[in-house]
Amino acid sequence: MSRSERHRLSSLHDVELASLAASGDRQAFGELVRRHGSAVRALLRRMGVDAAEADDLAQDAFIAAFESIADFRGEGAFGAWVKKIAARVCMRRAQKDKRLRGRLEANETPEAPAVVDPGRRMDLDEALRGLADAERLCVSLCYGAGLSHAEAAEALNLPLGTVKSHVKRGLDKLKARLAPEGEAMEGQRGNG
Amino acid sequence: MAEMEVERTIERLFARAPELGDADVFAERVQRRLDRGWAARRALIGVAGLVGGVIGASQLIMSNLFSRAEAASSESARVLTSGVRQLAPQAEWLLNGPAGIEAIWLAAGLAVVAMGLVLTRIIEEI
């Protein structure tokens, strides 16, 4: 792709790029992948998938997104739309792949996290590591991929109540560990 | 933090995903897969068209259609010519002109080619 073409595509809005992609423009879709690839890969990693497999799943998700790009009407953000696709692609793969399913759905409490300085700001990835696998998966699906509890329950093939309780426990743990972060954010907002 | 505030904070943190260092490499990989899939699809359409054409041609040959079409065409050309002469004597210049009846067959042939192109386009769109 020429530099001017790249520049032209990079100046377009996601909805315009999606519209071009829907008419078969693969370069336009490539620009969307460039913009949202990291977020999708990060989401899959946060769900508990290892880095290499997360990249593989993210590729599958973008291919699936291209195949159904005509369904994207621009009502929501493209990033949110493709994250939902990625989450569903991951769950479908987990249904076929026992190894992946075992990793995602193990309901084990992780080893007690190292003692953290109460004043130190903890990032989300670090905080997620303190959650049980099922809690991390449910929280990531609902708050990272934007699935409703019911959609997450369907994707995971779990009862709705189980998903809700995983989310609740996960949120409580994150709340405890991210409290300094949350306060800092509120402080920034107050100052800004 | 209130429950709603916790949820909003978590959503914001999820949305702030770090830009990975190999984002361009990843995008190129996806692009290559798309290109491969596209090339495979085009090849599949081409092969399907070729197979269809071979089957169609063999059916035409086996059904002895050409000799029947030849007989029918001379008969229908005669009928058509007389019909056209009766209905539109002013078009006589066309039939008797340098192109004559060949012009009609040429137009029909072009129409068939145009239909073929439209069909190919529709298949590609699908």
# chains A, B, ... in the order shown; residues from 1 in each chain; ligands from 1
$ closest_atom_pairs --of "chain B" --to "chain A" --cutoff "6 Å" --atoms "only C-alpha atoms" --output "JSON lines"
{"residue": "B:Glu11", "atom": "CA", "partner": "A:Tyr143", "partner_atom": "CA", "distance": 5.2}
{"residue": "B:Phe14", "atom": "CA", "partner": "A:Gly144", "partner_atom": "CA", "distance": 5.2}
{"residue": "B:Ala17", "atom": "CA", "partner": "A:Ala39", "partner_atom": "CA", "distance": 5.2}
{"residue": "B:Glu19", "atom": "CA", "partner": "A:Ser38", "partner_atom": "CA", "distance": 5.4}
{"residue": "B:Leu20", "atom": "CA", "partner": "A:Ser38", "partner_atom": "CA", "distance": 5.5}
{"residue": "B:Ala27", "atom": "CA", "partner": "A:Arg34", "partner_atom": "CA", "distance": 5.2}
{"residue": "B:Val30", "atom": "CA", "partner": "A:Gln59", "partner_atom": "CA", "distance": 5.8}
{"residue": "B:Gln31", "atom": "CA", "partner": "A:Gly30", "partner_atom": "CA", "distance": 5.8}
$ write_last_selection --atoms "N, CA and C atoms" --output "CSV table (one decimal), in the first residue's frame"
chain,number,residue,atom,x,y,z
B,11,GLU,N,-14.8,-0.7,33.5
B,11,GLU,CA,-15.0,-0.5,32.0
B,11,GLU,C,-14.0,0.4,31.4
B,14,PHE,N,-10.7,-1.4,31.2
B,14,PHE,CA,-10.6,-2.4,30.1
B,14,PHE,C,-10.5,-1.6,28.7
B,17,ALA,N,-6.7,-0.2,26.7
B,17,ALA,CA,-5.8,-1.3,26.4
B,17,ALA,C,-4.5,-0.8,25.9
B,19,GLU,N,-1.2,-0.2,23.6
B,19,GLU,CA,-0.9,-0.5,22.2
B,19,GLU,C,0.3,-1.5,22.2
B,20,LEU,N,0.1,-2.6,21.6
B,20,LEU,CA,1.2,-3.6,21.6
B,20,LEU,C,2.2,-3.3,20.5
B,27,ALA,N,-1.4,-6.7,12.1
B,27,ALA,CA,-2.4,-6.3,11.1
B,27,ALA,C,-2.0,-6.8,9.7
B,30,VAL,N,-3.1,-10.5,9.5
B,30,VAL,CA,-4.6,-10.6,9.2
B,30,VAL,C,-4.8,-10.2,7.7
B,31,GLN,N,-4.1,-9.2,7.2
B,31,GLN,CA,-4.3,-8.8,5.8
B,31,GLN,C,-3.9,-9.9,4.9
$ residues_around --residues "range 3-10 of chain A" --least-positions-apart "2" --cutoff "8 Å" --atoms "only C-alpha atoms" --output "ChimeraX atom specification"
/A:1,12,17,28,31
$ atom_distance --atom1 "CA of Val163 in chain A" --atom2 "CA of Ala150 in chain A"
8.3 Å
$ residues_around --residues "Ile85 in chain A" --least-positions-apart "2" --cutoff "8 Å" --atoms "only C-alpha atoms" --output "VMD selection string"
chain A and resid 61 64 to 65 81 to 83 87 to 89
$ write_last_selection --atoms "N, CA and C atoms" --output "PDB file, in the first residue's frame"
ATOM      1  N   ALA A  61     -10.974 -13.745  14.849  1.00  0.00           N
ATOM      2  CA  ALA A  61     -12.067 -12.798  15.125  1.00  0.00           C
ATOM      3  C   ALA A  61     -12.134 -11.726  14.051  1.00  0.00           C
ATOM      4  N   ALA A  64     -13.559 -13.198  10.916  1.00  0.00           N
ATOM      5  CA  ALA A  64     -15.023 -13.328  11.077  1.00  0.00           C
ATOM      6  C   ALA A  64     -15.694 -11.960  10.968  1.00  0.00           C
ATOM      7  N   ALA A  65     -15.030 -10.932  11.523  1.00  0.00           N
ATOM      8  CA  ALA A  65     -15.591  -9.572  11.443  1.00  0.00           C
ATOM      9  C   ALA A  65     -15.654  -9.105   9.994  1.00  0.00           C
ATOM     10  N   TRP A  81     -17.762  -3.757  18.886  1.00  0.00           N
ATOM     11  CA  TRP A  81     -18.387  -4.792  18.049  1.00  0.00           C
ATOM     12  C   TRP A  81     -17.412  -5.953  17.813  1.00  0.00           C
ATOM     13  N   VAL A  82     -16.189  -5.611  17.485  1.00  0.00           N
ATOM     14  CA  VAL A  82     -15.221  -6.659  17.166  1.00  0.00           C
ATOM     15  C   VAL A  82     -14.777  -7.399  18.441  1.00  0.00           C
ATOM     16  N   LYS A  83     -14.816  -6.713  19.581  1.00  0.00           N
ATOM     17  CA  LYS A  83     -14.479  -7.394  20.842  1.00  0.00           C
ATOM     18  C   LYS A  83     -15.525  -8.458  21.174  1.00  0.00           C
ATOM     19  N   ALA A  87     -14.773 -12.381  21.687  1.00  0.00           N
ATOM     20  CA  ALA A  87     -15.171 -13.152  22.873  1.00  0.00           C
ATOM     21  C   ALA A  87     -15.947 -14.401  22.456  1.00  0.00           C
ATOM     22  N   ARG A  88     -16.815 -14.262  21.475  1.00  0.00           N
ATOM     23  CA  ARG A  88     -17.618 -15.412  21.038  1.00  0.00           C
ATOM     24  C   ARG A  88     -16.751 -16.427  20.297  1.00  0.00           C
ATOM     25  N   VAL A  89     -15.806 -15.917  19.485  1.00  0.00           N
ATOM     26  CA  VAL A  89     -14.881 -16.829  18.786  1.00  0.00           C
ATOM     27  C   VAL A  89     -14.088 -17.625  19.826  1.00  0.00           C
TER      28      VAL A  89
END
